[in-house]
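Q: Pasting start_21.tsv below, which is TSV, C-alpha atoms and all ligand atoms.
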```
chain	number	residue	atom	x	y	z
M	191	MET	CA	107.08	-56.14	-33.72
M	192	LYS	CA	104.39	-56.36	-36.38
M	193	THR	CA	100.89	-55.69	-35.02
M	194	LYS	CA	98.00	-57.86	-36.24
M	195	ILE	CA	94.82	-55.80	-36.60
M	196	TYR	CA	91.35	-57.40	-36.60
M	197	GLU	CA	88.22	-55.38	-37.28
M	198	LEU	CA	85.38	-56.61	-35.08
M	199	GLN	CA	81.75	-55.82	-34.47
M	200	GLU	CA	80.23	-56.19	-31.04
M	201	LYS	CA	76.95	-57.47	-32.48
M	202	HIS	CA	78.55	-60.20	-34.65
M	203	LEU	CA	81.55	-61.45	-32.71
M	204	ASP	CA	84.38	-62.95	-34.76
M	205	PHE	CA	85.23	-65.82	-32.42
M	206	HIS	CA	88.24	-66.85	-34.50
M	207	ALA	CA	89.94	-63.45	-34.08
M	208	ILE	CA	89.10	-63.35	-30.38
M	209	GLN	CA	90.53	-66.85	-29.88
M	210	GLU	CA	93.78	-65.79	-31.56
M	211	ALA	CA	93.95	-62.72	-29.33
M	212	ALA	CA	93.20	-64.87	-26.26
M	213	GLU	CA	96.13	-67.12	-27.20
M	214	VAL	CA	98.38	-64.03	-27.30
M	215	ILE	CA	97.18	-63.11	-23.77
M	216	ARG	CA	97.94	-66.65	-22.52
M	217	ASN	CA	101.46	-66.31	-23.98
M	218	ASN	CA	102.00	-63.04	-22.07
M	219	GLY	CA	101.71	-60.84	-25.18
M	220	THR	CA	99.78	-57.56	-25.53
M	221	VAL	CA	96.28	-57.07	-27.01
M	222	VAL	CA	94.43	-53.78	-27.47
M	223	PHE	CA	90.66	-54.18	-27.15
M	224	PRO	CA	87.63	-51.87	-27.11
M	225	THR	CA	85.67	-51.21	-23.93
M	226	GLU	CA	82.74	-48.90	-23.23
M	227	THR	CA	85.04	-46.38	-21.49
M	228	VAL	CA	88.15	-46.13	-23.70
M	229	TYR	CA	90.31	-48.67	-25.56
M	230	GLY	CA	92.46	-50.80	-23.23
M	231	LEU	CA	96.01	-52.16	-23.69
M	232	GLY	CA	95.70	-55.60	-22.14
M	233	ALA	CA	97.93	-58.41	-20.95
M	234	ASN	CA	97.81	-61.32	-18.48
M	235	ALA	CA	97.17	-59.80	-15.02
M	236	LEU	CA	98.82	-62.76	-13.30
M	237	SER	CA	102.22	-62.36	-14.97
M	238	GLN	CA	105.08	-59.97	-14.13
M	239	GLU	CA	106.46	-60.27	-17.63
M	240	ALA	CA	103.09	-59.38	-19.20
M	241	ALA	CA	102.67	-56.36	-16.93
M	242	ARG	CA	106.15	-55.13	-17.88
M	243	ALA	CA	105.21	-55.41	-21.56
M	244	ILE	CA	102.27	-53.05	-20.95
M	245	TYR	CA	104.43	-50.39	-19.25
M	246	ALA	CA	106.98	-50.65	-22.07
M	247	ALA	CA	104.41	-50.34	-24.90
M	248	LYS	CA	102.81	-47.23	-23.35
M	249	GLY	CA	105.91	-45.61	-21.89
M	250	ARG	CA	103.95	-45.58	-18.61
M	251	PRO	CA	105.75	-44.73	-15.35
M	252	SER	CA	106.09	-47.98	-13.39
M	253	ASP	CA	104.61	-46.46	-10.20
M	254	ASN	CA	101.18	-46.13	-11.85
M	255	PRO	CA	99.14	-49.30	-11.15
M	256	LEU	CA	96.94	-51.10	-13.70
M	257	ILE	CA	93.22	-51.91	-13.59
M	258	VAL	CA	92.45	-55.64	-13.70
M	259	HIS	CA	89.55	-56.53	-16.01
M	260	ILE	CA	87.44	-59.57	-15.18
M	261	SER	CA	84.48	-61.36	-16.78
M	262	SER	CA	83.10	-63.28	-13.78
M	263	ILE	CA	82.78	-63.08	-10.01
M	264	ASP	CA	85.00	-66.17	-9.68
M	265	MET	CA	87.79	-64.23	-11.38
M	266	LEU	CA	87.19	-61.30	-9.03
M	267	LEU	CA	87.47	-63.57	-6.00
M	268	TYR	CA	90.74	-64.95	-7.35
M	269	VAL	CA	92.43	-61.54	-7.53
M	270	ILE	CA	91.17	-60.00	-4.29
M	271	GLY	CA	92.45	-60.95	-0.85
M	272	GLU	CA	89.33	-60.30	1.24
M	273	PRO	CA	85.69	-61.44	1.42
M	274	LEU	CA	83.18	-59.33	-0.53
M	275	SER	CA	81.55	-56.64	1.62
M	276	LEU	CA	77.86	-55.75	1.36
M	277	THR	CA	78.89	-52.37	-0.11
M	278	ALA	CA	80.92	-54.06	-2.86
M	279	LYS	CA	78.04	-56.42	-3.66
M	280	LYS	CA	75.56	-53.55	-3.95
M	281	LEU	CA	77.89	-51.62	-6.26
M	282	MET	CA	78.62	-54.65	-8.44
M	283	ASN	CA	74.91	-55.46	-8.76
M	284	LYS	CA	74.07	-51.95	-9.84
M	285	PHE	CA	77.07	-50.90	-11.97
M	286	TRP	CA	78.76	-54.03	-13.37
M	287	PRO	CA	79.41	-54.58	-16.13
M	288	GLY	CA	80.15	-50.86	-16.44
M	289	PRO	CA	82.50	-47.91	-15.87
M	290	LEU	CA	83.17	-48.42	-12.15
M	291	THR	CA	86.55	-49.67	-10.87
M	292	LEU	CA	86.67	-50.90	-7.28
M	293	ILE	CA	89.81	-51.06	-5.12
M	294	PHE	CA	90.20	-54.10	-2.84
M	295	LYS	CA	93.03	-55.71	-0.89
M	296	LYS	CA	94.91	-57.82	-3.41
M	297	SER	CA	95.45	-61.58	-3.35
M	298	SER	CA	98.88	-63.15	-3.75
M	299	ALA	CA	97.91	-64.22	-7.29
M	300	VAL	CA	98.42	-60.63	-8.51
M	301	PRO	CA	102.08	-59.67	-8.99
M	302	MET	CA	103.42	-56.38	-7.60
M	303	GLU	CA	104.17	-55.17	-11.16
M	304	VAL	CA	100.41	-54.95	-11.78
M	305	THR	CA	99.67	-52.95	-8.63
M	306	ALA	CA	102.90	-50.93	-8.79
M	307	GLY	CA	103.94	-52.26	-5.41
M	308	LEU	CA	100.62	-51.51	-3.64
M	309	GLY	CA	98.86	-54.08	-1.46
M	310	THR	CA	95.57	-53.22	-3.16
M	311	VAL	CA	94.20	-54.06	-6.58
M	312	ALA	CA	91.82	-52.13	-8.88
M	313	VAL	CA	89.18	-54.33	-10.58
M	314	ARG	CA	86.40	-53.77	-13.08
M	315	MET	CA	84.04	-55.73	-15.34
M	316	PRO	CA	83.84	-53.92	-18.71
M	317	ASP	CA	80.52	-53.50	-20.54
M	318	ASN	CA	81.63	-54.53	-24.02
M	319	ASP	CA	81.07	-57.98	-25.55
M	320	ILE	CA	84.44	-58.05	-27.34
M	321	ALA	CA	86.26	-57.29	-24.09
M	322	LEU	CA	84.22	-59.79	-22.07
M	323	GLU	CA	84.68	-62.55	-24.66
M	324	LEU	CA	88.44	-61.91	-24.81
M	325	ILE	CA	88.75	-62.25	-21.02
M	326	LYS	CA	86.54	-65.37	-21.01
M	327	GLN	CA	88.40	-67.07	-23.88
M	328	SER	CA	91.80	-66.39	-22.37
M	329	GLY	CA	90.61	-67.70	-19.00
M	330	LEU	CA	92.68	-64.99	-17.29
M	331	PRO	CA	92.05	-61.62	-15.69
M	332	ILE	CA	93.47	-58.95	-18.01
M	333	ALA	CA	95.39	-55.93	-16.72
M	334	ALA	CA	94.69	-52.99	-19.00
M	335	PRO	CA	95.41	-49.27	-18.83
M	336	SER	CA	94.14	-46.96	-21.56
M	337	ALA	CA	95.71	-47.81	-24.93
M	338	ASN	CA	97.47	-44.49	-25.56
M	339	ILE	CA	101.06	-43.41	-25.32
M	340	SER	CA	101.43	-42.23	-21.72
M	341	GLY	CA	100.39	-38.58	-21.28
M	342	LYS	CA	98.33	-38.35	-24.48
M	343	PRO	CA	94.51	-38.18	-24.55
M	344	SER	CA	92.92	-41.60	-24.03
M	345	PRO	CA	91.84	-43.44	-27.21
M	346	THR	CA	88.13	-43.65	-27.93
M	347	LYS	CA	88.42	-44.72	-31.60
M	348	ALA	CA	90.42	-47.49	-33.26
M	349	GLU	CA	92.25	-44.87	-35.35
M	350	HIS	CA	93.61	-43.25	-32.14
M	351	VAL	CA	95.03	-46.60	-31.02
M	352	ILE	CA	96.54	-47.40	-34.39
M	353	GLY	CA	98.18	-43.95	-34.47
M	354	ASP	CA	99.70	-44.43	-30.99
M	355	LEU	CA	100.50	-48.13	-30.73
M	356	GLN	CA	100.86	-49.77	-34.14
M	357	ASP	CA	103.93	-52.04	-34.04
M	358	ARG	CA	104.25	-51.58	-30.25
M	359	VAL	CA	101.67	-54.30	-29.39
M	360	ASP	CA	100.96	-57.82	-30.71
M	361	VAL	CA	97.27	-57.46	-31.58
M	362	ILE	CA	94.72	-54.66	-31.99
M	363	LEU	CA	91.04	-55.60	-31.88
M	364	SER	CA	89.40	-52.65	-33.54
M	365	GLY	CA	85.74	-52.01	-32.75
M	366	SER	CA	83.43	-49.02	-32.74
M	367	SER	CA	83.89	-45.71	-30.87
M	368	SER	CA	83.77	-45.97	-27.08
M	369	ARG	CA	80.22	-45.37	-25.84
M	370	VAL	CA	81.11	-43.59	-22.57
M	371	GLY	CA	84.34	-42.03	-23.85
M	372	LEU	CA	85.83	-41.33	-20.39
M	373	GLU	CA	87.66	-43.74	-18.12
M	374	SER	CA	85.96	-45.54	-15.26
M	375	THR	CA	85.31	-44.00	-11.86
M	376	VAL	CA	87.90	-45.39	-9.42
M	377	LEU	CA	86.33	-46.03	-6.00
M	378	ASP	CA	88.49	-47.10	-3.05
M	379	LEU	CA	86.68	-49.59	-0.79
M	380	THR	CA	89.61	-50.26	1.53
M	381	GLY	CA	89.01	-47.31	3.91
M	382	GLU	CA	86.17	-46.55	6.31
M	383	VAL	CA	84.11	-44.56	3.80
M	384	PRO	CA	84.15	-45.40	0.05
M	385	THR	CA	86.24	-42.73	-1.65
M	386	ILE	CA	86.42	-41.60	-5.28
M	387	LEU	CA	90.06	-41.53	-6.37
M	388	ARG	CA	89.23	-40.66	-9.98
M	389	PRO	CA	85.90	-39.29	-11.25
M	390	GLY	CA	84.63	-41.16	-14.32
M	391	GLY	CA	81.70	-42.78	-16.11
M	392	VAL	CA	79.68	-43.47	-12.91
M	393	THR	CA	78.86	-40.22	-11.10
M	394	LEU	CA	79.17	-39.29	-7.41
M	395	GLU	CA	75.38	-38.79	-7.31
M	396	GLU	CA	74.74	-42.31	-8.71
M	397	LEU	CA	77.09	-43.86	-6.15
M	398	GLN	CA	75.47	-41.97	-3.27
M	399	GLU	CA	72.06	-43.27	-4.32
M	400	VAL	CA	73.23	-46.86	-3.92
M	401	ILE	CA	75.59	-46.75	-0.91
M	402	GLY	CA	74.97	-43.42	0.85
M	403	GLU	CA	78.07	-41.60	2.06
M	404	VAL	CA	80.89	-41.29	-0.49
M	405	HIS	CA	84.01	-39.16	-0.08
M	406	ILE	CA	86.13	-37.56	-2.78
M	407	ASP	CA	89.91	-37.90	-2.47
M	408	LYS	CA	91.33	-34.55	-1.28
M	409	GLY	CA	94.18	-34.88	-3.75
M	410	LEU	CA	91.72	-34.36	-6.63
M	411	THR	CA	90.74	-30.86	-5.61
M	412	CYS	CA	93.56	-29.58	-3.40
M	413	LYS	CA	96.94	-28.92	-5.01
M	414	GLU	CA	98.85	-29.39	-1.73
M	415	THR	CA	97.65	-32.99	-1.13
M	416	ALA	CA	99.03	-35.86	-3.22
M	417	PRO	CA	96.26	-37.87	-4.90
M	418	LYS	CA	95.73	-41.43	-3.64
M	419	ALA	CA	95.48	-42.89	-7.15
M	420	PRO	CA	99.10	-42.66	-8.32
M	421	GLY	CA	97.97	-42.00	-11.91
M	422	MET	CA	96.17	-38.79	-10.98
M	423	LYS	CA	99.41	-36.93	-10.22
M	424	TYR	CA	100.67	-37.01	-13.79
M	425	THR	CA	99.97	-34.40	-16.44
M	426	HIS	CA	97.66	-36.31	-18.64
M	427	TYR	CA	95.41	-36.23	-21.66
M	428	ALA	CA	97.42	-33.29	-22.90
M	429	PRO	CA	97.25	-32.07	-26.48
M	430	GLU	CA	100.51	-30.75	-27.99
M	431	ALA	CA	99.54	-27.07	-27.69
M	432	ALA	CA	99.15	-25.26	-24.37
M	433	MET	CA	95.51	-25.07	-23.29
M	434	THR	CA	93.71	-22.53	-21.10
M	435	ILE	CA	90.22	-23.01	-19.65
M	436	LEU	CA	87.95	-19.98	-19.32
M	437	LYS	CA	85.44	-20.11	-16.51
M	438	GLY	CA	82.54	-17.81	-15.57
M	439	GLU	CA	79.16	-16.71	-16.95
M	440	LEU	CA	78.85	-18.12	-20.44
M	441	PRO	CA	78.48	-14.82	-22.39
M	442	LYS	CA	81.62	-13.50	-20.66
M	443	VAL	CA	83.53	-16.67	-21.42
M	444	VAL	CA	82.59	-16.49	-25.10
M	445	LYS	CA	83.59	-12.83	-25.28
M	446	ALA	CA	86.96	-13.50	-23.61
M	447	ILE	CA	87.72	-16.36	-26.02
M	448	GLN	CA	86.75	-14.17	-28.99
M	449	GLN	CA	89.16	-11.45	-27.81
M	450	LEU	CA	92.03	-13.80	-27.04
M	451	THR	CA	91.55	-15.52	-30.39
M	452	GLU	CA	91.66	-12.21	-32.22
M	453	GLU	CA	94.86	-11.18	-30.43
M	454	GLN	CA	96.61	-14.49	-31.05
M	455	THR	CA	95.49	-14.66	-34.67
M	456	LYS	CA	96.96	-11.19	-35.26
M	457	LEU	CA	100.25	-12.55	-33.92
M	458	GLY	CA	100.11	-15.24	-36.58
M	459	LYS	CA	99.07	-18.10	-34.26
M	460	LEU	CA	96.55	-20.78	-35.16
M	461	VAL	CA	94.05	-20.91	-32.28
M	462	GLY	CA	92.04	-24.00	-31.26
M	463	ILE	CA	88.70	-23.33	-29.57
M	464	LEU	CA	87.01	-26.03	-27.54
M	465	ALA	CA	83.39	-24.90	-27.70
M	466	THR	CA	79.95	-26.45	-27.25
M	467	GLU	CA	76.95	-26.92	-29.55
M	468	GLU	CA	75.35	-23.86	-27.95
M	469	THR	CA	78.34	-21.55	-28.54
M	470	LYS	CA	80.21	-22.80	-31.61
M	471	GLN	CA	78.42	-20.30	-33.92
M	472	SER	CA	79.84	-17.43	-31.86
M	473	TYR	CA	83.38	-18.03	-33.12
M	474	GLN	CA	84.63	-17.14	-36.59
M	475	GLU	CA	88.41	-17.60	-36.48
M	476	GLY	CA	90.62	-20.55	-35.63
M	477	VAL	CA	89.92	-24.29	-35.41
M	478	ILE	CA	86.54	-24.58	-33.68
M	479	VAL	CA	85.67	-27.97	-32.19
M	480	SER	CA	82.43	-28.68	-30.34
M	481	MET	CA	82.69	-31.11	-27.45
M	482	GLY	CA	78.91	-31.62	-27.33
M	483	SER	CA	75.84	-30.09	-25.75
M	484	ARG	CA	75.68	-28.29	-22.41
M	485	ASP	CA	72.21	-29.82	-22.00
M	486	ASN	CA	73.64	-33.34	-22.01
M	487	LEU	CA	77.23	-33.53	-20.81
M	488	TYR	CA	77.34	-37.27	-21.61
M	489	THR	CA	77.84	-36.05	-25.21
M	490	ALA	CA	80.89	-34.09	-24.03
M	491	ALA	CA	82.22	-37.13	-22.17
M	492	ALA	CA	82.01	-39.19	-25.36
M	493	ALA	CA	83.64	-36.51	-27.54
M	494	ILE	CA	86.28	-34.88	-25.33
M	495	PHE	CA	89.33	-37.03	-26.12
M	496	ASP	CA	88.67	-37.05	-29.86
M	497	ALA	CA	88.24	-33.27	-29.72
M	498	LEU	CA	91.63	-32.87	-28.01
M	499	ARG	CA	93.27	-35.08	-30.62
M	500	GLN	CA	91.75	-32.99	-33.43
M	501	PHE	CA	93.79	-30.00	-32.24
M	502	ASP	CA	96.97	-32.07	-32.61
M	503	LYS	CA	95.94	-33.14	-36.10
M	504	GLN	CA	95.34	-29.54	-37.16
M	505	LYS	CA	98.58	-28.44	-35.47
M	506	VAL	CA	97.10	-25.50	-33.57
M	507	ASP	CA	99.50	-23.28	-31.58
M	508	ILE	CA	97.29	-22.51	-28.58
M	509	ILE	CA	93.91	-23.73	-27.27
M	510	TYR	CA	91.11	-21.98	-25.37
M	511	ALA	CA	88.40	-24.14	-23.79
M	512	GLU	CA	85.04	-23.22	-22.29
M	513	ALA	CA	84.51	-24.58	-18.76
M	514	LEU	CA	81.47	-26.82	-18.20
M	515	SER	CA	79.26	-27.47	-15.19
M	516	GLU	CA	80.93	-29.82	-12.68
M	517	GLU	CA	77.71	-31.55	-11.64
M	518	ASN	CA	77.00	-35.21	-12.38
M	519	ILE	CA	79.08	-36.45	-15.34
M	520	GLY	CA	80.43	-32.88	-15.67
M	521	MET	CA	82.77	-33.60	-12.73
M	522	ALA	CA	84.65	-36.24	-14.73
M	523	VAL	CA	84.68	-34.23	-17.95
M	524	MET	CA	86.05	-31.14	-16.16
M	525	ASN	CA	88.64	-33.30	-14.35
M	526	ARG	CA	90.02	-34.41	-17.75
M	527	LEU	CA	89.85	-30.87	-19.16
M	528	LYS	CA	91.72	-29.41	-16.17
M	529	LYS	CA	94.41	-32.05	-16.43
M	530	ALA	CA	94.71	-31.51	-20.19
M	531	ALA	CA	95.18	-27.79	-19.44
M	532	GLY	CA	97.70	-28.43	-16.64
M	533	PHE	CA	95.21	-26.62	-14.31
M	534	ASN	CA	95.64	-23.41	-16.30
M	535	ILE	CA	92.29	-21.73	-15.64
M	536	ILE	CA	91.26	-18.08	-16.04
M	537	GLU	CA	88.13	-16.81	-14.22
M	538	VAL	CA	86.33	-14.11	-16.22
M	601	LIG	P1	94.23	-46.09	-16.55
M	601	LIG	O1	94.32	-47.56	-16.50
M	601	LIG	O2	95.27	-45.44	-17.40
M	601	LIG	O3	92.85	-45.67	-16.88
M	601	LIG	O4	94.52	-45.61	-15.06
M	601	LIG	C1	94.11	-46.36	-13.93
M	601	LIG	C2	93.93	-45.42	-12.74
M	601	LIG	O5	93.58	-46.21	-11.58
M	601	LIG	C3	95.19	-44.67	-12.41
M	601	LIG	O6	94.86	-43.35	-11.99
M	601	LIG	C4	95.76	-45.50	-11.26
M	601	LIG	O7	96.62	-44.74	-10.45
M	601	LIG	C5	94.50	-45.95	-10.54
M	601	LIG	N1	94.73	-47.19	-9.77
M	601	LIG	C6	94.93	-48.42	-10.26
M	601	LIG	N2	95.15	-49.31	-9.25
M	601	LIG	C7	95.09	-48.62	-8.10
M	601	LIG	C8	95.23	-48.96	-6.71
M	601	LIG	N3	95.48	-50.20	-6.33
M	601	LIG	N4	95.09	-47.96	-5.80
M	601	LIG	C9	94.83	-46.70	-6.20
M	601	LIG	N5	94.69	-46.32	-7.48
M	601	LIG	C10	94.81	-47.24	-8.43
M	602	MG	MG	95.16	-43.73	-18.92
```
Would you kindly transcribe this structure into structure tokens?

A:
Amino acid sequence: MKTKIYELQEKHLDFHAIQEAAEVIRNNGTVVFPTETVYGLGANALSQEAARAIYAAKGRPSDNPLIVHISSIDMLLYVIGEPLSLTAKKLMNKFWPGPLTLIFKKSSAVPMEVTAGLGTVAVRMPDNDIALELIKQSGLPIAAPSANISGKPSPTKAEHVIGDLQDRVDVILSGSSSRVGLESTVLDLTGEVPTILRPGGVTLEELQEVIGEVHIDKGLTCKETAPKAPGMKYTHYAPEAAMTILKGELPKVVKAIQQLTEEQTKLGKLVGILATEETKQSYQEGVIVSMGSRDNLYTAAAAIFDALRQFDKQKVDIIYAEALSEENIGMAVMNRLKKAAGFNIIEV
């Protein structure tokens, strides 16, 4: 198929382009659109055929359910099969539109293809005017996973999407770089205590401030337990080259990466180093990419996927990454780094 690409600006919406894209959604086609987290690959969330088109375009395993994007509370009520709890209302008031996905019991309007056979549905209201206008104009909830080929780092720039999905989708709405740069936090509200199934743009600490007790799915930290979000079990976000994370006191980490880089370079390998603003000057050899400042890990969240893709572009043979703090937004950034490294971590 030939993909139509429209360049849009959030501040001056091109209603004509969005109406054309909305028509494609109503006809069960596929539209890539920007959100504040990462770019999404969207289609009609009420259609089996549309959901299948998403899995086909991404090469996504069909047991990995999709997040349903909505633009109004009426749309939310249409896709969920339960009354809104006080907890859900508090969370929506505080974090929507924004990078928080909530899991509810699903209504019969949502086909099993969208939820990968589960009786629950993941829903979120994105904080991006292009995305919201597309959902509104189409008059339909839009199911949308990240707009990358399955397994690759998520796309935070239009160029990532075009590289991965050109001629595999009907329309690409290209906008600016994703503000948050990491996927949404997935919070399960169907159990006794709200539980994080995937760390993301809204932190554990922020959730606790609004609703008190929050659990973290055991499957995220313990290798023996299967994660409750089916998507978390896959190797993900992975650059082409094997990646190792080095963890410990920062001077020791830097020293270890310097030594490993020297060894590998002598062997004729091109080394990628995932560093930070504070450490990037310490490295002389290899492809050195800064993922942002240790003082503000939101900068790392916004840069991490682009940084991983840069190693692919430069065709490095092996990658060493510095570990970051796992507090606040650091939990989500380190979750993505660990998955990109296939949990290959060396303590120094
Ligand atoms: P993506 O859309 O690629 O950002 O991934 C969506 C994430 O949400 C994946 O990890 C899914 O497994 C998870 N997810 C979506 N729907 C559900 C659900 N009903 N129950 C549990 N996890 C879900
Ligand atoms: Mg994804």

Q: With only C-alpha atoms as the atoms that count, which of M:Ala490, M:Val376, M:Ile325, M:Ala306 lies nearest to Ser252 in chain M?

A: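 Going through M:Ala490, M:Val376, M:Ile325, M:Ala306 one by one, the smallest distance to Ser252 in chain M is for M:Ala306.
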
Q: Could you give me the residues within 9 Å of ligand LIG 601 (chain M), counting only C-alpha atoms and all ligand atoms, as a short mmCIF file (atom, residue, chain, number, x, y, z; two decimals) with C-alpha atoms, in the coordinates of the input?

A:
```
data_model
loop_
_atom_site.label_atom_id
_atom_site.label_comp_id
_atom_site.auth_asym_id
_atom_site.auth_seq_id
_atom_site.Cartn_x
_atom_site.Cartn_y
_atom_site.Cartn_z
CA VAL M 228 88.15 -46.13 -23.70
CA GLY M 230 92.46 -50.80 -23.23
CA LEU M 231 96.01 -52.16 -23.69
CA ARG M 250 103.95 -45.58 -18.61
CA ASP M 253 104.61 -46.46 -10.20
CA ASN M 254 101.18 -46.13 -11.85
CA PRO M 255 99.14 -49.30 -11.15
CA LEU M 256 96.94 -51.10 -13.70
CA ILE M 257 93.22 -51.91 -13.59
CA VAL M 258 92.45 -55.64 -13.70
CA THR M 291 86.55 -49.67 -10.87
CA LEU M 292 86.67 -50.90 -7.28
CA ILE M 293 89.81 -51.06 -5.12
CA PHE M 294 90.20 -54.10 -2.84
CA LYS M 295 93.03 -55.71 -0.89
CA LYS M 296 94.91 -57.82 -3.41
CA VAL M 304 100.41 -54.95 -11.78
CA THR M 305 99.67 -52.95 -8.63
CA ALA M 306 102.90 -50.93 -8.79
CA GLY M 307 103.94 -52.26 -5.41
CA LEU M 308 100.62 -51.51 -3.64
CA GLY M 309 98.86 -54.08 -1.46
CA THR M 310 95.57 -53.22 -3.16
CA VAL M 311 94.20 -54.06 -6.58
CA ALA M 312 91.82 -52.13 -8.88
CA VAL M 313 89.18 -54.33 -10.58
CA ALA M 333 95.39 -55.93 -16.72
CA ALA M 334 94.69 -52.99 -19.00
CA PRO M 335 95.41 -49.27 -18.83
CA SER M 336 94.14 -46.96 -21.56
CA ALA M 337 95.71 -47.81 -24.93
CA ASN M 338 97.47 -44.49 -25.56
CA SER M 340 101.43 -42.23 -21.72
CA SER M 344 92.92 -41.60 -24.03
CA LEU M 372 85.83 -41.33 -20.39
CA GLU M 373 87.66 -43.74 -18.12
CA SER M 374 85.96 -45.54 -15.26
CA THR M 375 85.31 -44.00 -11.86
CA VAL M 376 87.90 -45.39 -9.42
CA LEU M 377 86.33 -46.03 -6.00
CA ASP M 378 88.49 -47.10 -3.05
CA LEU M 387 90.06 -41.53 -6.37
CA ARG M 388 89.23 -40.66 -9.98
CA PRO M 417 96.26 -37.87 -4.90
CA LYS M 418 95.73 -41.43 -3.64
CA ALA M 419 95.48 -42.89 -7.15
CA PRO M 420 99.10 -42.66 -8.32
CA GLY M 421 97.97 -42.00 -11.91
CA MET M 422 96.17 -38.79 -10.98
CA LYS M 423 99.41 -36.93 -10.22
CA TYR M 424 100.67 -37.01 -13.79
#
```

Q: Got a sec to check which residues sit within 10 Å of (106.7, -48.8, -23.5), counting only C-alpha atoms, and write them as a ChimeraX atom specification?

A: /M:242-251,339-340,355,358-359

Q: For Val523 in chain M, which residue among M:Val361, M:Val443, M:Val392, M:Ile463 is the nearest when counting only C-alpha atoms?

A: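 Between M:Val361, M:Val443, M:Val392, M:Ile463, the residue approaching Val523 in chain M most closely is M:Val392.
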
Q: Just the number, please: distance in Å from CA of Ala241 in chain M to CA of Leu198 in chain M, one decimal.

A: 25.1 Å

Q: Rank M:Gly482, M:Pro441, M:Ile263, M:Lys529 by their smallest atom-to-atom distance to ligand MG 602 (chain M), using only C-alpha atoms and all ligand atoms, and report the top residue only.

A: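 The closest residue to ligand MG 602 (chain M) is M:Lys529.
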
Q: Near Ser328 in chain M, counting all atoms listed in the file, which residues have an atom at most 8 Å away, once you skip same-chain residues fewer than 6 positions from it, shown as a list in words?

A: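 The neighbour list is Gln209, Ala212, Glu213, Ile215 and Arg216 of chain M.
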
Q: May I have the residues from that selection written out with C-alpha atoms, as an mmCIF file, in the coordinates of the input?

A:
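Printed below is selection_19.cif as written:
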```
data_model
loop_
_atom_site.group_PDB
_atom_site.id
_atom_site.type_symbol
_atom_site.label_atom_id
_atom_site.label_comp_id
_atom_site.auth_asym_id
_atom_site.auth_seq_id
_atom_site.Cartn_x
_atom_site.Cartn_y
_atom_site.Cartn_z
ATOM 1 C CA GLN M 209 90.530 -66.850 -29.880
ATOM 2 C CA ALA M 212 93.200 -64.870 -26.260
ATOM 3 C CA GLU M 213 96.130 -67.120 -27.200
ATOM 4 C CA ILE M 215 97.180 -63.110 -23.770
ATOM 5 C CA ARG M 216 97.940 -66.650 -22.520
#
```

Q: Of the candidates M:Gly462, M:Gly271, M:Gly365, M:Gly341, which shows the shortest atom-to-atom distance to Phe223 in chain M, using only C-alpha atoms?

A: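 For Phe223 in chain M, the nearest of the given residues is M:Gly365.
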
Q: Mind pulling up the distance from CA of Trp286 in chain M to CA of Leu267 in chain M?

A: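 Computing it gives 14.9 Å between the two atoms.
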
Q: How far is it from CA of Ala432 in chain M to CA of Thr455 in chain M, in Å with one decimal?

A: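 Taking CA of Ala432 in chain M as the start and CA of Thr455 in chain M as the end point, the length is 15.2 Å.
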
Q: Restricting the calculation to all atoms listed in the file: of M:Val400, M:Ala497, M:Ala431, M:Val370, which residue gets closest to Ala531 in chain M?

A: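 Going through M:Val400, M:Ala497, M:Ala431, M:Val370 one by one, the smallest distance to Ala531 in chain M is for M:Ala431.
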
Q: Could range 520-525 of chain M be completed with N, CA, C and O atoms and written as a PDB file, keeping the file's coordinate frame, please?

A:
```pdb
ATOM      1  N   GLY M 520      79.578 -34.047 -15.454  1.00  0.00           N
ATOM      2  CA  GLY M 520      80.430 -32.880 -15.670  1.00  0.00           C
ATOM      3  C   GLY M 520      81.681 -32.905 -14.788  1.00  0.00           C
ATOM      4  O   GLY M 520      82.729 -32.376 -15.168  1.00  0.00           O
ATOM      5  N   MET M 521      81.596 -33.531 -13.609  1.00  0.00           N
ATOM      6  CA  MET M 521      82.770 -33.600 -12.730  1.00  0.00           C
ATOM      7  C   MET M 521      83.916 -34.334 -13.412  1.00  0.00           C
ATOM      8  O   MET M 521      85.068 -33.895 -13.380  1.00  0.00           O
ATOM      9  N   ALA M 522      83.607 -35.451 -14.056  1.00  0.00           N
ATOM     10  CA  ALA M 522      84.650 -36.240 -14.730  1.00  0.00           C
ATOM     11  C   ALA M 522      85.164 -35.525 -15.971  1.00  0.00           C
ATOM     12  O   ALA M 522      86.368 -35.496 -16.238  1.00  0.00           O
ATOM     13  N   VAL M 523      84.244 -34.917 -16.730  1.00  0.00           N
ATOM     14  CA  VAL M 523      84.680 -34.230 -17.950  1.00  0.00           C
ATOM     15  C   VAL M 523      85.606 -33.065 -17.587  1.00  0.00           C
ATOM     16  O   VAL M 523      86.679 -32.887 -18.174  1.00  0.00           O
ATOM     17  N   MET M 524      85.215 -32.283 -16.565  1.00  0.00           N
ATOM     18  CA  MET M 524      86.050 -31.140 -16.160  1.00  0.00           C
ATOM     19  C   MET M 524      87.369 -31.608 -15.550  1.00  0.00           C
ATOM     20  O   MET M 524      88.388 -30.936 -15.709  1.00  0.00           O
ATOM     21  N   ASN M 525      87.365 -32.756 -14.872  1.00  0.00           N
ATOM     22  CA  ASN M 525      88.640 -33.300 -14.350  1.00  0.00           C
ATOM     23  C   ASN M 525      89.619 -33.538 -15.501  1.00  0.00           C
ATOM     24  O   ASN M 525      90.786 -33.158 -15.443  1.00  0.00           O
TER      25      ASN M 525
END
```
